[in-house]
Amino acid sequence: MPDSVSSSLTHINPAGQPAMVNVGGKAITARLARARARVRLGADILALVQAGDLPTRKGPVFQTAILAGVMAAKKTADLIPLCHPLGLDDCQLTIEVVLPDSVLIECSARVTGKTGVEMEALTGASVAALTIYDMCKAMSHDIVIEQVRLVEKTGGKSDFHHLG
């Protein structure tokens, strides 16, 4: 790996090996991250959920996805090897119907600590999307999870706001 690339990657040590970032010297600050995922369900499935949360044999889709997203955000360090374990101050998920055929999931995560919560917000949104897929796949396998992205982060050394 070229030195310029390895020196800009925070989770690679000088020997080119994976390494957890040492946050011991960082200041404790209030941190927020918001992530979104879009799930294209198709018009037929979306028509079933527009009047409210679609119940399936596995339970209500949106409520179950919200719970799965929160649970996943809390377990991010167990899923992504070099993430620091965080005691989240808050994690909220919303699911909004977006015509003609999609839902938009937003996960916001907050912590007062030495490292950010971007990965927790992204994990929460991703697992909520996967849960919707799992619960609706009996109706169609044409469901598409797309546009999983960070839309905001604040409280660290640099803030980020997605403008699109």
# chains A, B, ... in the order shown; residues from 1 in each chain; ligands from 1

call {"tool": "residues_around", "arguments": {"residues": "range 131-136 of chain A", "least_positions_apart": "5", "cutoff": "9 Å", "atoms": "only C-alpha atoms", "output": "list in words"}}
result
Val39, Leu41, Ile45, Thr56, Arg57, Lys58, Gly59, Pro60, Val61, Phe62, Thr64, Ala65, Ile66, Ala68, Gly69, Ser126, His141, Ile143, Val144 and Ile145 of chain A

call {"tool": "write_last_selection", "arguments": {"atoms": "C-alpha atoms", "output": "tab-separated table (two decimals), in the first residue's frame"}}
result
chain	number	residue	atom	x	y	z
A	39	VAL	CA	-35.65	0.74	0.47
A	41	LEU	CA	-40.33	-1.97	-2.02
A	45	ILE	CA	-45.96	-3.68	-1.35
A	56	THR	CA	-46.74	-9.96	8.64
A	57	ARG	CA	-46.40	-13.37	10.28
A	58	LYS	CA	-43.17	-12.01	11.79
A	59	GLY	CA	-44.92	-8.94	13.24
A	60	PRO	CA	-45.45	-5.32	12.21
A	61	VAL	CA	-42.78	-4.42	9.63
A	62	PHE	CA	-41.91	-0.84	10.56
A	64	THR	CA	-39.85	-4.43	14.06
A	65	ALA	CA	-37.38	-2.63	11.77
A	66	ILE	CA	-37.11	0.28	14.22
A	68	ALA	CA	-33.81	-4.00	15.00
A	69	GLY	CA	-32.09	-0.75	14.00
A	126	SER	CA	-28.69	-0.59	7.41
A	141	HIS	CA	-37.62	-10.48	-4.08
A	143	ILE	CA	-36.90	-5.18	-3.06
A	144	VAL	CA	-33.78	-2.99	-3.35
A	145	ILE	CA	-31.81	-1.44	-0.50

call {"tool": "residues_around", "arguments": {"residues": "range 73-84 of chain A", "least_positions_apart": "2", "cutoff": "8 Å", "atoms": "only C-alpha atoms", "output": "list of chain:residue names"}}
result
A:His11, A:Ala19, A:Met20, A:Val21, A:Gly69, A:Val70, A:Met71, A:Leu86, A:Gly87, A:Leu88, A:Cys91, A:Ala109, A:Thr115, A:Met119, A:Glu120, A:Ala121, A:Leu122, A:Thr123, A:Gly124

call {"tool": "select_by_dssp", "arguments": {"residues": "chain A", "states": "alpha helix (DSSP H)", "output": "PyMOL selection string"}}
result
chain A and resi 3-8+43-49+61-74+76-79+118-136

call {"tool": "select_by_dssp", "arguments": {"residues": "chain A", "states": "strand (DSSP E or B)", "output": "number ranges by chain"}}
result
A: 12, 18, 29-40, 55-56, 59-60, 90-98, 102-113, 144-154, 160-161

call {"tool": "closest_residue", "arguments": {"among": "A:Met139, A:Glu118, A:Thr154, A:Gly113", "to": "Lys26 in chain A", "atoms": "only C-alpha atoms"}}
result
A:Gly113

call {"tool": "atom_distance", "arguments": {"atom1": "CA of Pro100 in chain A", "atom2": "CA of Asp44 in chain A"}}
result
10.0 Å

call {"tool": "closest_residue", "arguments": {"among": "A:Asp90, A:Ile95, A:Val127, A:Pro85", "to": "Lys114 in chain A", "atoms": "only C-alpha atoms"}}
result
A:Pro85

call {"tool": "closest_residue", "arguments": {"among": "A:Ser140, A:Glu106, A:Val117, A:Asn13", "to": "Gly156 in chain A", "atoms": "only C-alpha atoms"}}
result
A:Val117

call {"tool": "closest_residue", "arguments": {"among": "A:Arg149, A:Arg38, A:Arg31, A:His161", "to": "Ala129 in chain A", "atoms": "only C-alpha atoms"}}
result
A:Arg38

call {"tool": "closest_residue", "arguments": {"among": "A:Ala33, A:Leu9, A:Ala43, A:Leu150", "to": "Asp89 in chain A", "atoms": "only C-alpha atoms"}}
result
A:Ala33

call {"tool": "closest_residue", "arguments": {"among": "A:Leu130, A:Gln17, A:Gln147, A:Val111", "to": "Ala35 in chain A", "atoms": "only C-alpha atoms"}}
result
A:Gln147
